[in-house]
Amino acid sequence: MAGAGRFFEDFVVGDVIRHATPRTVTVGDVALNQALYGNRFVVQSSDAFAQAVGYPRSPVDDLIAFHVVFGKTVPDVSLNAFANLGYASGRFLAPVFPGDTLVSTSEVIGVRPTSKGDAGVVWVRTRGVRADGTPVLEYVRWVLVRIQGGRPLPDPVVPTLPSAVDPSELGAACPRIDRAAWDDAEAGSARRFDDYAVGEKIDHVDGMTIEEAEHQLATRLWQNTARVHFDGYAQKSSKIGRRLVYGGHVISLARSLSFNGLENAFHIAGINGGRHVAPIFAGDTLYAWSEIIDKQPLPGRDDVGALRVRITGLKDCPPTEFPRAAPDGKDHPSVVLDLDLWVLIPR
């Protein structure tokens, strides 16, 4: 049936899916992204600053590229998903500017039925490219997809994924930065690469309450058609009983909150891993804290270094005690997001 989407049985390892409707990124997308998340990173906020440090103009927020590329995949990958489970091996490969048109493709790299028999895990490697073929983004994600029934299930294939993106692969989307032109006052902080220590924990202080209208608007903006985010009538009969907030909306909110304490970390270069630990709903307030779990110079670059940052998103729980795990070793009940990123920061 047209528009019914793929079920678990429809995924074949090795298949490459060309996703419909290329999307041109516009200044309107930038304005709406700003209204939804309140980003304050200076390179993406000021053409004058971006040009001074080495960009032709302000690139769009890295997560705009992620949302656009991700949204294209939903009708083909996760329309019939119970949940989006995680991310790995993400690399931002070129800056994106207003006027760029992005196209998405996904390769099926793994499938595994679950023991319950009602769903299976599907792994895909998604690539986003400009209309001219320039790669801008690549990442792996895995989703729990419904089994339709009545057909044979594929044999399990579970991909092996690295625990982190190699730092040597991180600089492609960032031009050489003129450190002398980087104005700490305009950027919001004097803290640079050498000022952070592995093991340091940062309370990002602010909280943002998720509004029903905003998460619905965001999901439509990124052309994400997953039913669990829109169809309130159908979700009444689901296990949870209400619409879920799109996970990418939570990621963008957490990234925006991380400005407090990571003001100069202007570029997401890699996604090492990520989990949507628990659902979040309209009316919940999101807080975030980060831990610096590694820092690495980039080969051949003396202008920027890479901080490996683990961002923990919390529901209705200010992060003063930095909660992540409960006493039994399981996730703390307030944790909704666990995201492991490489971010670039001036040296």
# chains A, B, ... in the order shown; residues from 1 in each chain; ligands from 1
$ closest_atom_pairs --of "range 153-263 of chain A" --to "range 279-283 of chain A" --cutoff "9 Å" --atoms "only C-alpha atoms" --output "tab-separated table"
residue	atom	partner	partner_atom	distance
A:Thr209	CA	A:Gly283	CA	6.1
A:Ile210	CA	A:Ala282	CA	5.0
A:Glu211	CA	A:Ala282	CA	5.1
A:Glu212	CA	A:Ala282	CA	4.9
A:Ala213	CA	A:Ala282	CA	8.6
A:Glu214	CA	A:Ala282	CA	8.9
A:His215	CA	A:Ala282	CA	7.6
A:Arg242	CA	A:Phe281	CA	8.3
A:Arg243	CA	A:Phe281	CA	7.3
A:Leu244	CA	A:Phe281	CA	5.9
A:Val245	CA	A:Phe281	CA	5.6
A:Tyr246	CA	A:Ile280	CA	8.7
A:Gly247	CA	A:Pro279	CA	8.3
A:Val250	CA	A:Ile280	CA	8.3
$ residues_around --residues "range 154-170 of chain A" --least-positions-apart "4" --cutoff "10 Å" --atoms "only C-alpha atoms" --output "mmCIF file with N, CA and C atoms, in the first residue's frame"
data_model
loop_
_atom_site.group_PDB
_atom_site.id
_atom_site.type_symbol
_atom_site.label_atom_id
_atom_site.label_comp_id
_atom_site.auth_asym_id
_atom_site.auth_seq_id
_atom_site.Cartn_x
_atom_site.Cartn_y
_atom_site.Cartn_z
ATOM 1 N N PHE A 8 10.041 -4.722 8.957
ATOM 2 C CA PHE A 8 11.340 -5.375 9.151
ATOM 3 C C PHE A 8 11.667 -6.351 8.028
ATOM 4 N N GLU A 9 10.662 -7.100 7.562
ATOM 5 C CA GLU A 9 10.904 -8.109 6.527
ATOM 6 C C GLU A 9 11.362 -7.513 5.206
ATOM 7 N N ASP A 10 11.159 -6.206 5.016
ATOM 8 C CA ASP A 10 11.484 -5.571 3.740
ATOM 9 C C ASP A 10 12.945 -5.135 3.634
ATOM 10 N N PHE A 11 13.696 -5.222 4.721
ATOM 11 C CA PHE A 11 15.077 -4.739 4.707
ATOM 12 C C PHE A 11 16.029 -5.885 4.362
ATOM 13 N N VAL A 12 16.882 -5.628 3.363
ATOM 14 C CA VAL A 12 17.860 -6.612 2.901
ATOM 15 C C VAL A 12 19.250 -5.995 3.009
ATOM 16 N N VAL A 13 20.141 -6.658 3.722
ATOM 17 C CA VAL A 13 21.502 -6.138 3.877
ATOM 18 C C VAL A 13 22.143 -5.955 2.505
ATOM 19 N N ALA A 88 25.977 6.089 15.602
ATOM 20 C CA ALA A 88 27.427 5.872 15.697
ATOM 21 C C ALA A 88 28.070 6.306 14.386
ATOM 22 N N SER A 89 29.400 6.405 14.419
ATOM 23 C CA SER A 89 30.205 6.631 13.211
ATOM 24 C C SER A 89 29.740 7.830 12.404
ATOM 25 N N GLY A 90 29.351 8.903 13.097
ATOM 26 C CA GLY A 90 28.902 10.103 12.403
ATOM 27 C C GLY A 90 30.046 11.047 12.103
ATOM 28 N N ARG A 91 30.110 11.543 10.874
ATOM 29 C CA ARG A 91 31.143 12.501 10.488
ATOM 30 C C ARG A 91 30.508 13.619 9.664
ATOM 31 N N PHE A 92 30.803 14.856 10.031
ATOM 32 C CA PHE A 92 30.393 16.019 9.247
ATOM 33 C C PHE A 92 31.529 16.313 8.273
ATOM 34 N N LEU A 93 31.228 16.319 6.986
ATOM 35 C CA LEU A 93 32.257 16.261 5.952
ATOM 36 C C LEU A 93 32.445 17.552 5.170
ATOM 37 N N ILE A 109 22.886 -2.091 6.529
ATOM 38 C CA ILE A 109 24.129 -2.782 6.902
ATOM 39 C C ILE A 109 23.915 -3.840 7.977
ATOM 40 N N GLY A 110 22.698 -3.963 8.504
ATOM 41 C CA GLY A 110 22.452 -4.991 9.504
ATOM 42 C C GLY A 110 20.981 -5.171 9.785
ATOM 43 N N VAL A 111 20.610 -6.394 10.164
ATOM 44 C CA VAL A 111 19.234 -6.704 10.575
ATOM 45 C C VAL A 111 19.295 -7.790 11.648
ATOM 46 N N ARG A 112 18.394 -7.707 12.623
ATOM 47 C CA ARG A 112 18.328 -8.746 13.660
ATOM 48 C C ARG A 112 16.937 -8.767 14.286
ATOM 49 N N PRO A 113 16.207 -9.877 14.157
ATOM 50 C CA PRO A 113 14.910 -9.966 14.833
ATOM 51 C C PRO A 113 15.090 -9.964 16.349
ATOM 52 N N THR A 114 14.118 -9.448 17.065
ATOM 53 C CA THR A 114 14.159 -9.493 18.524
ATOM 54 C C THR A 114 13.512 -10.781 19.024
ATOM 55 N N GLY A 120 12.155 -6.006 14.808
ATOM 56 C CA GLY A 120 13.559 -6.316 14.594
ATOM 57 C C GLY A 120 14.359 -5.042 14.518
ATOM 58 N N VAL A 121 15.660 -5.160 14.795
ATOM 59 C CA VAL A 121 16.559 -4.018 14.721
ATOM 60 C C VAL A 121 17.139 -3.941 13.311
ATOM 61 N N VAL A 122 17.098 -2.736 12.752
ATOM 62 C CA VAL A 122 17.653 -2.477 11.419
ATOM 63 C C VAL A 122 18.731 -1.412 11.548
ATOM 64 N N TRP A 123 19.938 -1.698 11.005
ATOM 65 C CA TRP A 123 21.024 -0.730 10.980
ATOM 66 C C TRP A 123 21.153 -0.170 9.563
ATOM 67 N N VAL A 124 21.273 1.147 9.442
ATOM 68 C CA VAL A 124 21.507 1.767 8.142
ATOM 69 C C VAL A 124 22.658 2.772 8.254
ATOM 70 N N VAL A 140 25.689 6.257 11.066
ATOM 71 C CA VAL A 140 24.958 5.002 11.208
ATOM 72 C C VAL A 140 23.899 5.202 12.281
ATOM 73 N N CYS A 174 35.596 21.871 8.562
ATOM 74 C CA CYS A 174 36.022 23.117 9.203
ATOM 75 C C CYS A 174 37.228 23.696 8.487
ATOM 76 N N ILE A 268 30.257 20.735 15.566
ATOM 77 C CA ILE A 268 30.170 19.293 15.795
ATOM 78 C C ILE A 268 30.882 18.607 14.635
ATOM 79 N N ALA A 269 31.932 17.857 14.962
ATOM 80 C CA ALA A 269 32.707 17.209 13.916
ATOM 81 C C ALA A 269 32.392 15.726 13.774
ATOM 82 N N GLY A 270 31.979 15.083 14.873
ATOM 83 C CA GLY A 270 31.718 13.650 14.814
ATOM 84 C C GLY A 270 30.696 13.224 15.854
ATOM 85 N N ILE A 271 29.977 12.163 15.528
ATOM 86 C CA ILE A 271 29.043 11.530 16.460
ATOM 87 C C ILE A 271 29.592 10.141 16.748
ATOM 88 N N ASN A 272 30.161 9.974 17.933
ATOM 89 C CA ASN A 272 30.742 8.675 18.300
ATOM 90 C C ASN A 272 29.666 7.660 18.657
ATOM 91 N N GLY A 273 28.639 8.136 19.303
ATOM 92 C CA GLY A 273 27.550 7.256 19.704
ATOM 93 C C GLY A 273 26.450 8.070 20.337
ATOM 94 N N LYS A 295 40.419 14.546 24.742
ATOM 95 C CA LYS A 295 40.764 15.721 23.940
ATOM 96 C C LYS A 295 41.951 15.346 23.074
ATOM 97 N N GLN A 296 41.893 15.752 21.803
ATOM 98 C CA GLN A 296 42.907 15.336 20.849
ATOM 99 C C GLN A 296 43.231 16.479 19.898
ATOM 100 N N PRO A 297 44.531 16.668 19.590
ATOM 101 C CA PRO A 297 44.880 17.570 18.486
ATOM 102 C C PRO A 297 44.473 16.929 17.166
ATOM 103 N N LEU A 298 44.286 17.744 16.143
ATOM 104 C CA LEU A 298 44.000 17.221 14.818
ATOM 105 C C LEU A 298 45.285 17.197 13.996
ATOM 106 N N PRO A 299 45.552 16.123 13.285
ATOM 107 C CA PRO A 299 46.774 16.046 12.481
ATOM 108 C C PRO A 299 46.878 17.205 11.502
ATOM 109 N N GLY A 300 48.020 17.887 11.545
ATOM 110 C CA GLY A 300 48.270 18.984 10.623
ATOM 111 C C GLY A 300 47.515 20.256 10.923
ATOM 112 N N GLY A 305 41.392 22.155 18.069
ATOM 113 C CA GLY A 305 41.527 20.827 18.622
ATOM 114 C C GLY A 305 40.155 20.231 18.835
ATOM 115 N N ALA A 306 40.120 18.935 19.148
ATOM 116 C CA ALA A 306 38.854 18.225 19.308
ATOM 117 C C ALA A 306 38.640 17.838 20.762
ATOM 118 N N LEU A 307 37.492 18.206 21.295
ATOM 119 C CA LEU A 307 37.057 17.742 22.606
ATOM 120 C C LEU A 307 36.023 16.648 22.390
ATOM 121 N N ARG A 308 36.209 15.526 23.096
ATOM 122 C CA ARG A 308 35.186 14.485 23.083
ATOM 123 C C ARG A 308 34.280 14.735 24.280
ATOM 124 N N ASP A 340 27.478 11.148 22.625
ATOM 125 C CA ASP A 340 28.935 11.214 22.636
ATOM 126 C C ASP A 340 29.393 11.888 21.338
ATOM 127 N N LEU A 341 29.928 13.108 21.464
ATOM 128 C CA LEU A 341 30.296 13.921 20.301
ATOM 129 C C LEU A 341 31.760 14.301 20.321
ATOM 130 N N TRP A 342 32.327 14.523 19.148
ATOM 131 C CA TRP A 342 33.553 15.309 18.993
ATOM 132 C C TRP A 342 33.133 16.719 18.597
ATOM 133 N N VAL A 343 33.616 17.718 19.313
ATOM 134 C CA VAL A 343 33.387 19.105 18.925
ATOM 135 C C VAL A 343 34.728 19.800 18.755
ATOM 136 N N LEU A 344 34.785 20.725 17.828
ATOM 137 C CA LEU A 344 36.031 21.459 17.572
ATOM 138 C C LEU A 344 35.993 22.801 18.284
#
$ select_by_dssp --residues "range 62-266 of chain A" --states "alpha helix (DSSP H)" --output "ChimeraX atom specification"
/A:62-77,184-187,212-221,227-230,232-235,247-257
$ closest_residue --among "A:Val108, A:Ala180, A:Leu262, A:Val60" --to "Ser46 in chain A" --atoms "only C-alpha atoms"
A:Val60
$ closest_residue --among "A:Asp302, A:Asp284, A:Asp194, A:Asp76" --to "Ile177 in chain A" --atoms "only C-alpha atoms"
A:Asp302
$ closest_residue --among "A:Arg6, A:His249, A:Arg191, A:Arg220" --to "Leu286 in chain A" --atoms "only C-alpha atoms"
A:His249
$ closest_atom_pairs --of "range 197-281 of chain A" --to "range 313-328 of chain A" --cutoff "8 Å" --atoms "only C-alpha atoms" --output "tab-separated table"
residue	atom	partner	partner_atom	distance
A:Lys201	CA	A:Phe322	CA	7.7
A:Asp203	CA	A:Pro319	CA	6.0
A:His204	CA	A:Pro319	CA	7.8
A:Val205	CA	A:Pro319	CA	7.3
A:Gly207	CA	A:Pro318	CA	7.5
A:Ala254	CA	A:Gly313	CA	6.4
A:Ile280	CA	A:Lys315	CA	7.2
$ write_last_selection --atoms "N, CA and C atoms" --output "PDB file, in the first residue's frame"
ATOM      1  N   LYS A 201      33.461  18.008  34.427  1.00  0.00           N
ATOM      2  CA  LYS A 201      32.015  17.968  34.270  1.00  0.00           C
ATOM      3  C   LYS A 201      31.472  19.395  34.251  1.00  0.00           C
ATOM      4  N   ASP A 203      27.990  21.731  34.242  1.00  0.00           N
ATOM      5  CA  ASP A 203      26.559  21.933  34.421  1.00  0.00           C
ATOM      6  C   ASP A 203      26.135  23.049  33.480  1.00  0.00           C
ATOM      7  N   HIS A 204      25.269  22.732  32.517  1.00  0.00           N
ATOM      8  CA  HIS A 204      24.861  23.733  31.526  1.00  0.00           C
ATOM      9  C   HIS A 204      23.740  24.648  32.024  1.00  0.00           C
ATOM     10  N   VAL A 205      23.309  24.438  33.241  1.00  0.00           N
ATOM     11  CA  VAL A 205      22.518  25.370  34.047  1.00  0.00           C
ATOM     12  C   VAL A 205      21.071  25.513  33.576  1.00  0.00           C
ATOM     13  N   GLY A 207      17.368  25.268  31.747  1.00  0.00           N
ATOM     14  CA  GLY A 207      16.428  24.234  31.321  1.00  0.00           C
ATOM     15  C   GLY A 207      15.483  24.801  30.283  1.00  0.00           C
ATOM     16  N   ALA A 254      19.554  19.984  23.595  1.00  0.00           N
ATOM     17  CA  ALA A 254      20.716  19.724  24.457  1.00  0.00           C
ATOM     18  C   ALA A 254      21.950  20.440  23.925  1.00  0.00           C
ATOM     19  N   ILE A 280      10.581  11.433  25.952  1.00  0.00           N
ATOM     20  CA  ILE A 280      10.295  12.727  26.560  1.00  0.00           C
ATOM     21  C   ILE A 280       9.058  13.283  25.873  1.00  0.00           C
TER      22      ILE A 280
END
